[in-house]
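File shown: upload04.cif. Contents: mmCIF, C-alpha atoms.
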data_data
loop_
_atom_site.label_atom_id
_atom_site.label_comp_id
_atom_site.auth_asym_id
_atom_site.auth_seq_id
_atom_site.Cartn_x
_atom_site.Cartn_y
_atom_site.Cartn_z
CA MET A 22 -34.69 -0.24 -1.12
CA ILE A 23 -33.39 1.95 1.70
CA ASN A 24 -35.40 4.54 3.48
CA VAL A 25 -33.13 7.57 3.11
CA ASN A 26 -34.76 9.17 6.17
CA SER A 27 -33.94 6.19 8.35
CA ASN A 28 -31.49 6.76 11.21
CA LEU A 29 -30.49 3.12 11.27
CA PRO A 30 -26.82 2.31 10.59
CA THR A 31 -25.96 0.74 7.23
CA PHE A 32 -23.23 -1.10 5.36
CA THR A 33 -22.18 0.22 1.96
CA ILE A 34 -21.03 -2.94 0.18
CA GLN A 35 -18.59 -3.01 -2.75
CA ASP A 36 -18.46 -6.60 -3.91
CA GLY A 37 -18.06 -6.60 -7.66
CA TYR A 38 -17.07 -4.70 -10.76
CA GLY A 39 -19.08 -1.50 -10.59
CA GLN A 40 -21.48 -2.99 -8.02
CA THR A 41 -22.41 -1.07 -4.89
CA ARG A 42 -25.31 -1.87 -2.61
CA GLU A 43 -26.61 -0.86 0.80
CA TYR A 44 -27.68 -3.02 3.73
CA VAL A 45 -29.63 -1.63 6.70
CA LEU A 46 -28.59 -2.99 10.09
CA ASP A 47 -32.07 -3.42 11.52
CA SER A 48 -31.37 -6.51 13.64
CA ASN A 49 -29.03 -7.29 16.52
CA GLU A 50 -27.09 -10.00 14.68
CA ILE A 51 -26.26 -10.55 11.03
CA THR A 52 -24.03 -13.10 9.32
CA ILE A 53 -21.86 -12.50 6.27
CA GLY A 54 -20.72 -15.22 3.87
CA ARG A 55 -21.42 -17.21 0.71
CA GLU A 56 -24.27 -19.36 2.00
CA GLN A 57 -27.83 -18.42 1.06
CA ASP A 58 -28.86 -18.35 4.73
CA CYS A 59 -26.49 -15.43 5.41
CA ASP A 60 -27.97 -11.98 5.87
CA ILE A 61 -25.30 -10.42 3.61
CA ILE A 62 -24.37 -12.79 0.80
CA ILE A 63 -20.95 -12.34 -0.81
CA ASN A 64 -20.53 -14.29 -4.02
CA THR A 65 -16.73 -14.48 -4.11
CA ASN A 66 -14.48 -17.51 -3.81
CA ASP A 67 -12.28 -15.83 -1.18
CA ALA A 68 -15.20 -15.64 1.29
CA SER A 69 -16.09 -18.60 3.51
CA ARG A 70 -19.58 -20.04 3.70
CA HIS A 71 -20.14 -18.32 7.04
CA HIS A 72 -17.33 -15.80 7.15
CA ALA A 73 -18.14 -13.23 9.84
CA LYS A 74 -20.94 -11.94 12.00
CA VAL A 75 -21.85 -8.49 13.27
CA THR A 76 -23.69 -8.12 16.58
CA ARG A 77 -25.13 -5.11 18.35
CA LYS A 78 -25.17 -4.74 22.13
CA ASN A 79 -26.00 -1.53 24.01
CA GLY A 80 -25.70 0.44 20.80
CA VAL A 81 -22.20 -0.85 20.03
CA PHE A 82 -21.52 -2.97 16.93
CA VAL A 83 -18.96 -5.76 17.09
CA VAL A 84 -17.58 -7.76 14.16
CA GLU A 85 -16.31 -11.28 14.75
CA ASP A 86 -14.56 -13.63 12.35
CA MET A 87 -16.20 -17.08 12.21
CA GLN A 88 -12.97 -19.05 11.73
CA SER A 89 -12.87 -18.18 8.05
CA VAL A 90 -10.08 -19.32 5.75
CA ASN A 91 -8.81 -15.90 4.63
CA GLY A 92 -9.70 -13.86 7.70
CA THR A 93 -11.67 -10.68 8.33
CA PHE A 94 -10.02 -7.26 8.43
CA VAL A 95 -11.14 -3.98 9.98
CA ASN A 96 -9.31 -0.90 8.71
CA SER A 97 -6.61 -3.19 7.28
CA SER A 98 -5.99 -4.96 10.62
CA PRO A 99 -6.95 -8.61 11.15
CA ALA A 100 -9.95 -9.05 13.44
CA ASN A 101 -8.64 -12.13 15.24
CA LYS A 102 -10.87 -11.32 18.21
CA PRO A 103 -14.29 -9.64 18.40
CA ARG A 104 -13.73 -6.03 17.41
CA THR A 105 -15.92 -2.99 17.83
CA ILE A 106 -16.59 -0.86 14.76
CA LYS A 107 -17.52 2.79 14.48
CA HIS A 108 -18.71 5.16 11.78
CA MET A 109 -16.70 4.90 8.52
CA ASP A 110 -14.76 1.81 9.61
CA ILE A 111 -14.03 -0.49 6.68
CA ILE A 112 -14.49 -4.26 6.91
CA GLN A 113 -12.71 -6.29 4.24
CA ILE A 114 -13.68 -9.86 3.42
CA GLY A 115 -11.57 -11.05 0.52
CA ALA A 116 -12.13 -8.53 -2.27
CA CYS A 117 -15.39 -7.28 -0.75
CA MET A 118 -15.37 -3.98 1.14
CA LEU A 119 -18.09 -3.07 3.66
CA VAL A 120 -18.13 0.54 4.85
CA PHE A 121 -19.93 0.97 8.16
CA ASN A 122 -22.16 4.06 8.27
CA ASP A 123 -23.40 5.12 11.70
CA PRO A 124 -23.17 8.94 11.83
CA ASP A 125 -25.70 9.24 14.65
CA ASN A 126 -23.63 7.12 17.06
CA PRO A 127 -20.00 8.23 16.67
CA SER A 128 -18.82 7.50 20.22
CA LEU A 129 -17.82 4.24 21.86
CA ASP A 130 -18.31 3.26 25.47
CA GLU A 131 -15.31 2.51 27.74
CA GLU A 132 -15.72 -1.27 27.50
CA ALA A 133 -15.63 -1.16 23.69
CA THR A 134 -12.56 1.08 23.70
CA ALA A 135 -10.77 -1.32 26.04
CA THR A 136 -11.61 -4.22 23.72
CA ARG A 137 -10.01 -2.41 20.78
CA SER A 138 -6.81 -1.61 22.69
CA LEU A 139 -6.23 -5.14 24.00
CA GLU A 140 -6.62 -7.09 20.75
CA ASN A 141 -3.80 -8.36 18.55
CA MET A 142 -1.01 -7.58 21.05
CA ASN A 143 1.19 -10.58 20.26
CA PHE A 144 3.87 -10.23 17.57
CA SER A 145 4.96 -13.23 15.54
CA PHE A 146 7.82 -13.31 13.05
CA ASP A 147 7.17 -16.78 11.69
CA PHE A 148 4.38 -15.62 9.40
CA ILE A 149 6.39 -12.70 7.98
CA LYS A 150 9.44 -14.92 7.46
CA TYR A 151 7.29 -17.39 5.55
CA VAL A 152 5.80 -14.69 3.31
CA ILE A 153 9.23 -13.11 2.67
CA ARG A 154 10.84 -16.41 1.75
CA LYS A 155 8.03 -17.34 -0.63
CA LEU A 156 8.01 -13.93 -2.31
CA GLU A 157 11.77 -13.64 -2.72
CA GLU A 158 12.13 -17.16 -4.09
CA ASN A 159 9.34 -16.66 -6.60
CA ILE A 160 10.45 -13.21 -7.75
CA GLY A 161 14.06 -14.41 -7.97
CA LEU A 162 13.03 -16.95 -10.61
CA VAL A 163 12.27 -14.07 -12.99
CA PHE A 164 14.21 -11.02 -11.77
CA LYS A 165 17.89 -11.93 -11.75
CA GLY A 166 20.95 -10.45 -10.11
CA LYS A 167 19.43 -7.77 -7.89
CA PRO A 168 18.41 -9.31 -4.52
CA GLU A 169 18.66 -5.94 -2.77
CA ILE A 170 16.05 -4.48 -5.13
CA ILE A 171 13.70 -7.38 -4.38
CA ARG A 172 14.27 -6.87 -0.66
CA ASN A 173 13.53 -3.14 -0.83
CA MET A 174 10.38 -3.74 -2.86
CA VAL A 175 9.12 -6.27 -0.31
CA VAL A 176 9.96 -3.86 2.52
CA CYS A 177 8.01 -1.13 0.72
CA LEU A 178 5.06 -3.49 0.24
CA PHE A 179 4.97 -4.43 3.93
CA ALA A 180 5.22 -0.77 4.94
CA ASP A 181 1.89 -0.20 3.14
CA GLY A 182 3.42 2.45 0.89
CA HIS A 183 3.95 2.98 -2.82
CA LEU A 184 7.09 2.56 -4.90
CA LEU A 185 8.67 4.67 -7.63
CA ILE A 186 11.22 2.91 -9.85
CA GLU A 187 13.28 5.38 -11.82
CA ASP A 188 15.76 4.06 -14.38
CA VAL A 189 16.61 3.74 -18.04
CA PRO A 190 14.44 1.54 -20.29
CA GLY A 191 14.99 -2.18 -20.45
CA VAL A 192 16.46 -2.92 -17.01
CA GLY A 193 13.34 -4.75 -15.78
CA LYS A 194 11.16 -2.14 -14.07
CA SER A 195 7.87 -3.43 -15.48
CA ILE A 196 8.90 -7.08 -15.22
CA LEU A 197 9.67 -6.60 -11.54
CA ALA A 198 6.20 -5.18 -10.91
CA GLN A 199 4.48 -7.91 -12.95
CA THR A 200 6.42 -10.62 -11.12
CA LEU A 201 5.36 -9.27 -7.73
CA ALA A 202 1.75 -9.05 -8.88
CA LYS A 203 1.81 -12.61 -10.18
CA SER A 204 3.36 -13.84 -6.91
CA ILE A 205 0.34 -12.58 -4.97
CA GLN A 206 -3.17 -13.92 -5.46
CA ALA A 207 -4.58 -10.45 -5.98
CA ALA A 208 -6.04 -8.15 -8.61
CA TYR A 209 -3.30 -6.77 -10.87
CA LYS A 210 -3.89 -3.71 -13.05
CA ARG A 211 -1.55 -2.02 -15.49
CA ILE A 212 -1.92 1.59 -16.63
CA GLN A 213 0.19 2.70 -19.59
CA PHE A 214 0.33 6.46 -19.20
CA THR A 215 0.08 8.58 -22.35
CA PRO A 216 -0.36 12.35 -22.93
CA ASP A 217 -4.00 11.98 -24.02
CA MET A 218 -5.20 10.18 -20.88
CA LEU A 219 -7.89 11.71 -18.67
CA PRO A 220 -8.34 11.30 -14.91
CA SER A 221 -11.50 9.24 -15.52
CA ASP A 222 -9.41 6.75 -17.53
CA ILE A 223 -7.73 5.89 -14.23
CA THR A 224 -10.35 6.37 -11.53
CA GLY A 225 -13.49 5.39 -13.45
CA MET A 226 -16.74 7.23 -14.12
CA ASN A 227 -20.52 7.15 -13.69
CA ILE A 228 -22.41 5.91 -16.77
CA PHE A 229 -26.13 6.45 -17.20
CA ASP A 230 -28.12 3.26 -17.78
CA GLU A 231 -31.12 4.00 -20.01
CA SER A 232 -32.91 0.78 -19.12
CA GLU A 233 -32.74 1.36 -15.36
CA ARG A 234 -32.84 5.17 -15.57
CA ARG A 235 -29.97 5.59 -13.15
CA PHE A 236 -26.19 5.96 -13.06
CA HIS A 237 -23.79 3.05 -12.62
CA PHE A 238 -20.23 3.52 -11.44
CA ILE A 239 -17.69 1.84 -13.73
CA PRO A 240 -14.41 1.57 -11.81
CA GLY A 241 -11.15 2.35 -13.54
CA PRO A 242 -7.91 0.34 -13.46
CA ILE A 243 -6.84 1.96 -10.19
CA PHE A 244 -9.21 -0.52 -8.47
CA GLY A 245 -6.61 -3.24 -8.04
CA ASN A 246 -4.34 -4.63 -5.35
CA VAL A 247 -1.09 -4.20 -7.29
CA VAL A 248 -1.20 -1.36 -9.83
CA LEU A 249 1.62 -0.76 -12.31
CA ALA A 250 1.68 2.90 -13.36
CA ASP A 251 4.02 2.53 -16.32
CA GLU A 252 5.86 5.66 -17.49
CA ILE A 253 3.89 7.82 -15.12
CA ASN A 254 5.65 11.01 -16.24
CA ARG A 255 4.31 10.71 -19.81
CA THR A 256 0.85 11.92 -18.87
CA THR A 257 -0.30 15.44 -18.05
CA PRO A 258 -0.28 16.93 -14.52
CA ARG A 259 -4.08 16.87 -14.56
CA THR A 260 -4.09 13.10 -14.92
CA GLN A 261 -1.19 12.65 -12.51
CA SER A 262 -3.19 14.51 -9.86
CA SER A 263 -5.91 11.85 -10.02
CA LEU A 264 -3.52 9.57 -8.13
CA LEU A 265 -3.03 11.91 -5.17
CA GLU A 266 -6.17 10.99 -3.20
CA CYS A 267 -6.05 7.27 -3.86
CA MET A 268 -2.35 6.93 -2.98
CA SER A 269 -2.60 8.85 0.29
CA GLU A 270 -6.04 7.77 1.52
CA SER A 271 -6.88 4.61 -0.48
CA VAL A 272 -10.18 6.10 -1.64
CA ILE A 273 -11.52 7.65 -4.84
CA THR A 274 -14.13 10.42 -4.95
CA ILE A 275 -16.29 10.47 -8.10
CA ASP A 276 -19.14 12.97 -8.43
CA GLY A 277 -19.07 13.60 -4.69
CA ARG A 278 -19.28 9.93 -3.75
CA THR A 279 -16.40 8.08 -2.10
CA HIS A 280 -15.31 4.64 -3.28
CA VAL A 281 -12.94 2.65 -1.10
CA LEU A 282 -9.98 0.82 -2.65
CA PRO A 283 -9.39 -2.74 -1.45
CA LYS A 284 -6.31 -3.58 0.58
CA PRO A 285 -3.57 -4.31 -0.15
CA PHE A 286 -3.25 -1.33 -2.46
CA PHE A 287 0.27 -1.03 -3.85
CA VAL A 288 1.18 1.34 -6.67
CA ILE A 289 4.45 0.69 -8.50
CA ALA A 290 5.23 3.59 -10.82
CA THR A 291 8.03 3.65 -13.36
CA GLN A 292 9.67 6.52 -15.19
CA ASN A 293 12.75 7.16 -17.31
CA PRO A 294 14.81 10.03 -15.81
CA GLU A 295 17.04 10.44 -18.86
CA ASP A 296 14.47 11.16 -21.59
CA TYR A 297 12.60 14.43 -21.08
CA HIS A 298 11.02 14.64 -24.55
CA GLY A 299 7.24 14.52 -24.24
CA THR A 300 7.29 14.07 -20.48
CA TYR A 301 5.76 15.94 -17.55
CA PRO A 302 8.01 15.74 -14.46
CA LEU A 303 6.15 14.66 -11.35
CA PRO A 304 5.44 17.58 -9.00
CA GLU A 305 6.65 17.49 -5.41
CA PRO A 306 3.24 16.54 -3.91
CA GLN A 307 3.04 13.52 -6.22
CA LEU A 308 6.62 12.44 -5.47
CA ASP A 309 5.88 12.76 -1.76
CA ARG A 310 3.16 10.10 -2.07
CA PHE A 311 5.78 7.48 -2.90
CA ILE A 312 7.25 6.09 0.26
CA MET A 313 10.39 4.93 -1.56
CA ARG A 314 12.28 5.47 -4.81
CA LEU A 315 14.58 2.82 -6.26
CA SER A 316 16.98 2.63 -9.17
CA ILE A 317 17.69 -0.85 -10.55
CA GLY A 318 20.85 -0.21 -12.56
CA TYR A 319 22.50 -2.48 -15.09
CA PRO A 320 23.09 -6.14 -14.19
CA THR A 321 26.50 -7.73 -13.84
CA PRO A 322 27.74 -9.82 -16.81
CA GLN A 323 27.02 -13.01 -14.87
CA ALA A 324 23.49 -11.91 -13.99
CA GLU A 325 22.88 -10.82 -17.58
CA LYS A 326 23.96 -14.26 -18.77
CA GLU A 327 21.39 -15.79 -16.40
CA ILE A 328 18.75 -13.52 -17.91
CA LEU A 329 19.62 -14.67 -21.42
CA SER A 330 19.63 -18.33 -20.41
CA SER A 331 16.34 -18.15 -18.52
CA GLN A 332 14.55 -16.57 -21.49
CA ALA A 333 16.11 -18.62 -24.28
CA MET A 334 13.07 -20.89 -24.65
CA SER A 335 10.26 -18.94 -22.93
CA HIS A 336 9.80 -16.12 -20.48
CA PRO A 337 10.00 -17.33 -16.85
CA LEU A 338 7.14 -14.98 -15.98
CA ASN A 339 4.85 -17.45 -17.76
CA GLU A 340 6.01 -20.29 -15.52
CA ILE A 341 5.43 -18.84 -12.05
CA SER A 342 2.19 -18.62 -10.11
CA TYR A 343 1.08 -16.99 -6.88
CA VAL A 344 2.69 -18.15 -3.65
CA ILE A 345 0.80 -16.00 -1.13
CA LYS A 346 -2.65 -14.41 -0.91
CA ALA A 347 -3.57 -10.75 -0.80
CA THR A 348 -4.83 -11.18 2.75
CA ASP A 349 -1.35 -12.40 3.77
CA VAL A 350 0.02 -8.98 2.83
CA VAL A 351 -2.62 -7.24 4.93
CA HIS A 352 -1.62 -9.47 7.87
CA CYS A 353 1.99 -8.35 7.37
CA HIS A 354 0.89 -4.68 7.35
CA ALA A 355 -0.61 -5.16 10.81
CA LEU A 356 2.44 -7.01 12.14
CA VAL A 357 4.88 -4.38 10.85
CA ARG A 358 3.05 -1.63 12.75
CA LYS A 359 3.77 -3.44 16.02
CA VAL A 360 7.54 -3.12 15.62
CA LEU A 361 8.88 -1.01 18.47
CA VAL A 362 10.38 2.40 17.67
CA SER A 363 12.14 3.88 20.70
CA ASP A 364 12.27 7.59 21.48
CA ASN A 365 15.98 7.62 20.62
CA ILE A 366 15.24 6.26 17.14
CA LYS A 367 12.43 8.78 16.66
CA ASN A 368 14.79 11.59 17.67
CA TYR A 369 17.39 10.23 15.25
CA ILE A 370 14.89 10.28 12.38
CA ILE A 371 13.78 13.79 13.27
CA SER A 372 17.38 15.02 13.42
CA ILE A 373 18.10 13.70 9.93
CA CYS A 374 14.95 15.23 8.43
CA ASN A 375 15.52 18.52 10.26
CA ALA A 376 19.09 18.68 8.87
CA THR A 377 17.74 18.52 5.31
CA ARG A 378 15.72 21.68 6.03
CA LYS A 379 18.88 23.60 6.94
CA HIS A 380 21.40 22.19 4.46
CA PRO A 381 22.65 24.91 2.08
CA ALA A 382 22.79 22.57 -0.92
CA LEU A 383 19.09 21.66 -0.76
CA SER A 384 16.34 23.93 -1.99
CA ASN A 385 13.76 22.32 0.30
CA GLY A 386 13.70 20.00 3.28
CA CYS A 387 11.85 16.84 4.24
CA SER A 388 8.32 17.22 5.59
CA PRO A 389 6.80 15.40 8.60
CA ARG A 390 5.29 12.99 6.04
CA ALA A 391 8.86 12.04 5.12
CA SER A 392 9.72 11.45 8.79
CA LEU A 393 6.69 9.20 9.15
CA ALA A 394 7.57 7.35 5.94
CA LEU A 395 11.12 6.73 7.14
CA MET A 396 9.87 5.39 10.45
CA ARG A 397 7.35 3.10 8.72
CA VAL A 398 9.95 1.72 6.31
CA CYS A 399 12.38 1.14 9.18
CA GLN A 400 9.68 -0.83 11.00
CA SER A 401 9.19 -2.92 7.88
CA LEU A 402 12.94 -3.48 7.47
CA ALA A 403 13.24 -4.57 11.10
CA ALA A 404 10.41 -7.08 10.60
CA TYR A 405 12.13 -8.25 7.41
CA TYR A 406 15.23 -9.10 9.46
CA GLY A 407 13.15 -10.79 12.17
CA ARG A 408 13.33 -8.06 14.79
CA ASN A 409 10.46 -6.45 16.68
CA TYR A 410 12.45 -3.23 17.25
CA VAL A 411 14.18 -0.68 15.01
CA ILE A 412 17.92 -0.07 15.28
CA PRO A 413 19.98 2.91 13.98
CA ARG A 414 21.34 0.84 11.12
CA ASP A 415 17.80 0.49 9.73
CA VAL A 416 17.48 4.27 9.60
CA ARG A 417 20.85 4.74 7.88
CA GLU A 418 20.08 2.00 5.37
CA MET A 419 16.66 3.35 4.37
CA ALA A 420 17.29 7.12 4.59
CA ALA A 421 18.40 7.59 0.98
CA PRO A 422 15.67 5.50 -0.73
CA VAL A 423 12.98 7.18 1.39
CA LEU A 424 14.19 10.80 1.51
CA ALA A 425 16.22 11.50 -1.64
CA HIS A 426 13.29 11.97 -4.03
CA ARG A 427 11.58 14.42 -1.69
CA VAL A 428 14.30 17.09 -1.81
CA LYS A 429 16.02 18.94 -4.64
CA LEU A 430 19.64 19.92 -5.16
CA LYS A 431 20.30 23.58 -5.89
CA ILE A 432 21.81 24.19 -9.32
CA ARG A 433 24.93 25.88 -7.99
CA TYR A 434 25.73 22.89 -5.76
CA GLN A 435 25.25 20.18 -8.41
CA GLY A 436 28.94 20.17 -9.30
CA GLU A 437 29.97 19.73 -5.68
CA TRP A 438 27.44 17.07 -4.61
CA THR A 439 26.41 15.52 -7.97
CA ARG A 440 23.41 13.67 -6.49
CA VAL A 441 20.95 14.22 -3.65
CA GLU A 442 21.90 10.82 -2.21
CA ASN A 443 25.38 12.17 -1.51
CA VAL A 444 23.89 14.98 0.56
CA ILE A 445 21.74 12.53 2.53
CA LYS A 446 24.79 10.37 3.24
CA SER A 447 26.74 13.42 4.40
CA ILE A 448 23.93 14.39 6.76
CA ILE A 449 23.79 10.88 8.24
CA ASP A 450 27.57 10.87 8.77
CA SER A 451 27.35 14.23 10.56
CA ILE A 452 24.71 13.05 13.06
CA PRO A 453 26.11 10.37 15.35
CA MET A 454 23.71 8.29 17.39
CA LYS A 455 24.40 8.75 21.09
CA ASN A 456 25.26 5.65 23.12
CA GLU A 457 24.93 3.51 20.01
CA ASP A 458 26.21 -0.03 19.98
CA LYS A 459 28.63 0.08 17.03
CA GLY A 460 27.59 -3.47 16.18
CA LEU A 461 24.18 -2.12 15.26
#
With the file now loaded, output its structure as structure tokens.
Amino acid sequence: MINVNSNLPTFTIQDGYGQTREYVLDSNEITIGREQDCDIIINTNDASRHHAKVTRKNGVFVVEDMQSVNGTFVNSSPANKPRTIKHMDIIQIGACMLVFNDPDNPSLDEEATATRSLENMNFSFDFIKYVIRKLEENIGLVFKGKPEIIRNMVVCLFADGHLLIEDVPGVGKSILAQTLAKSIQAAYKRIQFTPDMLPSDITGMNIFDESERRFHFIPGPIFGNVVLADEINRTTPRTQSSLLECMSESVITIDGRTHVLPKPFFVIATQNPEDYHGTYPLPEPQLDRFIMRLSIGYPTPQAEKEILSSQAMSHPLNEISYVIKATDVVHCHALVRKVLVSDNIKNYIISICNATRKHPALSNGCSPRASLALMRVCQSLAAYYGRNYVIPRDVREMAAPVLAHRVKLKIRYQGEWTRVENVIKSIIDSIPMKNEDKGL
């Protein structure tokens, strides 16, 4: 039991279905792992016997990976070197999340700050190339004829965002999400949205245990690494709003208590834009949480023939298995954020977003969140192509998938422009990049 009046720092540990426990940091060194001699024992197969250790020196806590197999992550970044932690930092070991609580010591000394800024400075493309090749090959065994859709989904995954797939029924929206989930050794959850769903059906709830005379938190299906939100527009706005906090902050608040979602956390939502019977269109704040929107479209006759042939005897989804681990995706998140974005590229992104705010055909413009999303996706696309810097072509290529669903076309201009994507393309064509190498 914990002394609630104690000023000692603690770890809040989430290491199982509905299991949360506290550990008081009352010594200068603790070890974390599967072995019984560890101070914090984690009974999961993705944790090493002695996975990590936390040491305290001069009031500063440092976490260090002990050459574990899957690695240790702090705030979704790999802790390849000893790393200082502060209040509310999140340590992830496999599927276990440890939230560091030290409200009485919020500041870090200069030496600790320098340690944080110097770690993980080297960028390597070999790892990302390996993960991309494995993912694309595996997904391509099931999802036929649309390599650009697979690429954009992988780019969205590496950008640490969420994806909205909007298209007619039967073109493979759900299969695409299931194939990605099965390609990653991670927790996959599917939520079939219906009008009678409640927010607690997604986030979970506290249940009173008569035998123990206390409440237990039962997590909902949102506690997964890859979450398929199927037909998201068929549930009520009240239930849709339950996704806002988790998609933007990767946490869930139930009865005033915060529960952290494990990384990677990737929501793939699907909806049918043609059928409006019994649907509740997503409001602008919910749409803005999706970093990218894609439309699959119908396959070519040749690709459709491949689909028929591949499923003549059995579904290829039953034949594939995972090719990468969930921690590999978190490594890619950290690598993508190191891609260089020059001031000229930032100005280019801002100019495009600012033009949407002034265009007469649009009823609203893109917010700073949209600018940040476009930059993050461009970083991911650059890493996808093996570059550690963003070029103007990345911005032009990703502008429509990232920005189009965030703005609306005025009714009186729908005959002239037809689609929002046409307006975005016109804006891009009207803003030349100064001193640009035309080969880029």
* Asked: What's the 8 Å shell around range 238-246 of chain A, counting all atoms listed in the file, without same-chain residues fewer than 4 positions away, as a ChimeraX atom specification?
  -> /A:38-40,207-212,221-228,282-287,347
Create the file for the chosen residues now, containing C-alpha atoms and written as a PDB file, in the frame of the given file.
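Dumped to again34.pdb:
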ATOM      1  CA  TYR A  38     -17.070  -4.700 -10.760  1.00  0.00           C
ATOM      2  CA  GLY A  39     -19.080  -1.500 -10.590  1.00  0.00           C
ATOM      3  CA  GLN A  40     -21.480  -2.990  -8.020  1.00  0.00           C
ATOM      4  CA  ALA A 207      -4.580 -10.450  -5.980  1.00  0.00           C
ATOM      5  CA  ALA A 208      -6.040  -8.150  -8.610  1.00  0.00           C
ATOM      6  CA  TYR A 209      -3.300  -6.770 -10.870  1.00  0.00           C
ATOM      7  CA  LYS A 210      -3.890  -3.710 -13.050  1.00  0.00           C
ATOM      8  CA  ARG A 211      -1.550  -2.020 -15.490  1.00  0.00           C
ATOM      9  CA  ILE A 212      -1.920   1.590 -16.630  1.00  0.00           C
ATOM     10  CA  SER A 221     -11.500   9.240 -15.520  1.00  0.00           C
ATOM     11  CA  ASP A 222      -9.410   6.750 -17.530  1.00  0.00           C
ATOM     12  CA  ILE A 223      -7.730   5.890 -14.230  1.00  0.00           C
ATOM     13  CA  THR A 224     -10.350   6.370 -11.530  1.00  0.00           C
ATOM     14  CA  GLY A 225     -13.490   5.390 -13.450  1.00  0.00           C
ATOM     15  CA  MET A 226     -16.740   7.230 -14.120  1.00  0.00           C
ATOM     16  CA  ASN A 227     -20.520   7.150 -13.690  1.00  0.00           C
ATOM     17  CA  ILE A 228     -22.410   5.910 -16.770  1.00  0.00           C
ATOM     18  CA  LEU A 282      -9.980   0.820  -2.650  1.00  0.00           C
ATOM     19  CA  PRO A 283      -9.390  -2.740  -1.450  1.00  0.00           C
ATOM     20  CA  LYS A 284      -6.310  -3.580   0.580  1.00  0.00           C
ATOM     21  CA  PRO A 285      -3.570  -4.310  -0.150  1.00  0.00           C
ATOM     22  CA  PHE A 286      -3.250  -1.330  -2.460  1.00  0.00           C
ATOM     23  CA  PHE A 287       0.270  -1.030  -3.850  1.00  0.00           C
ATOM     24  CA  ALA A 347      -3.570 -10.750  -0.800  1.00  0.00           C
TER      25      ALA A 347
END
* Asked: Can you tell me how far CA of Leu197 in chain A sits from CA of Lys150 in chain A, in Å to one decimal?
  ->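 Interatomic distance here is 20.7 Å.
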For the structure shown, which residues end up in the PyMOL selection byres ((chain A and resi 279) around 12)? Put them as a CSV table (one decimal) with C-alpha atoms, in the frame of the given file, please?
chain,number,residue,atom,x,y,z
A,33,THR,CA,-22.2,0.2,2.0
A,35,GLN,CA,-18.6,-3.0,-2.8
A,41,THR,CA,-22.4,-1.1,-4.9
A,109,MET,CA,-16.7,4.9,8.5
A,120,VAL,CA,-18.1,0.5,4.8
A,224,THR,CA,-10.4,6.4,-11.5
A,238,PHE,CA,-20.2,3.5,-11.4
A,240,PRO,CA,-14.4,1.6,-11.8
A,266,GLU,CA,-6.2,11.0,-3.2
A,267,CYS,CA,-6.0,7.3,-3.9
A,270,GLU,CA,-6.0,7.8,1.5
A,271,SER,CA,-6.9,4.6,-0.5
A,272,VAL,CA,-10.2,6.1,-1.6
A,273,ILE,CA,-11.5,7.6,-4.8
A,274,THR,CA,-14.1,10.4,-5.0
A,275,ILE,CA,-16.3,10.5,-8.1
A,276,ASP,CA,-19.1,13.0,-8.4
A,277,GLY,CA,-19.1,13.6,-4.7
A,278,ARG,CA,-19.3,9.9,-3.8
A,280,HIS,CA,-15.3,4.6,-3.3
A,281,VAL,CA,-12.9,2.6,-1.1
A,282,LEU,CA,-10.0,0.8,-2.6
* Any idea what the distance is between CA of Arg358 in chain A and CA of Gln400 in chain A? ->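 Separation between CA of Arg358 in chain A and CA of Gln400 in chain A: 6.9 Å.
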* Near Gly407 in chain A, within 10 Å and counting only C-alpha atoms, which residues show up once chain neighbours fewer than 6 positions away are dropped, as an NGL selection string? -> :A and (145-147 or 149-150 or 401)
* To do: Please return, as JSON, numbers by chain, all polymer residues that have at least one atom within 7 Å of the point (13.6, -9.9, -14.0); use all atoms listed in the file and the file's own coordinate frame.
  => {"A": [163, 164, 165, 193, 196, 197]}
* Asked: Do you know which residues the PyMOL selection byres ((chain A and resi 444-455) around 9) returns on this file, as a list in words?
  ->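 With the shown file as input, the PyMOL selection byres ((chain A and resi 444-455) around 9) matches Asn365, Ile366, Tyr369, Ser372, Ile373, Ala376, Thr377, His380, Ala382, Leu383, Pro413, Arg417, Ala420, Ala421, Leu424, Ala425, Leu430, Trp438, Thr439, Arg440, Val441, Glu442, Asn443, Asn456 and Glu457 of chain A.
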* One-decimal distance in Å that lies between CA of Ile62 in chain A and CA of Leu119 in chain A ->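 One can read the CA of Leu119 in chain A to CA of Ile62 in chain A distance as 11.9 Å.
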Find the residues around range 315-323 of chain A up to 7 Å (all atoms listed in the file counted), leave out those fewer than 3 positions away in its own chain, and share them as a compact mmCIF listing (two decimals) with C-alpha atoms, in the coordinates of the input.
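Listed below is the output, part.txt:
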# COMPACT_ATOMS: atom_id res chain seq x y z
CA GLY A 166 20.95 -10.45 -10.11
CA ILE A 170 16.05 -4.48 -5.13
CA LEU A 185 8.67 4.67 -7.63
CA ILE A 186 11.22 2.91 -9.85
CA GLU A 187 13.28 5.38 -11.82
CA ASP A 188 15.76 4.06 -14.38
CA VAL A 192 16.46 -2.92 -17.01
CA LYS A 326 23.96 -14.26 -18.77
CA GLU A 327 21.39 -15.79 -16.40
CA PRO A 422 15.67 5.50 -0.73
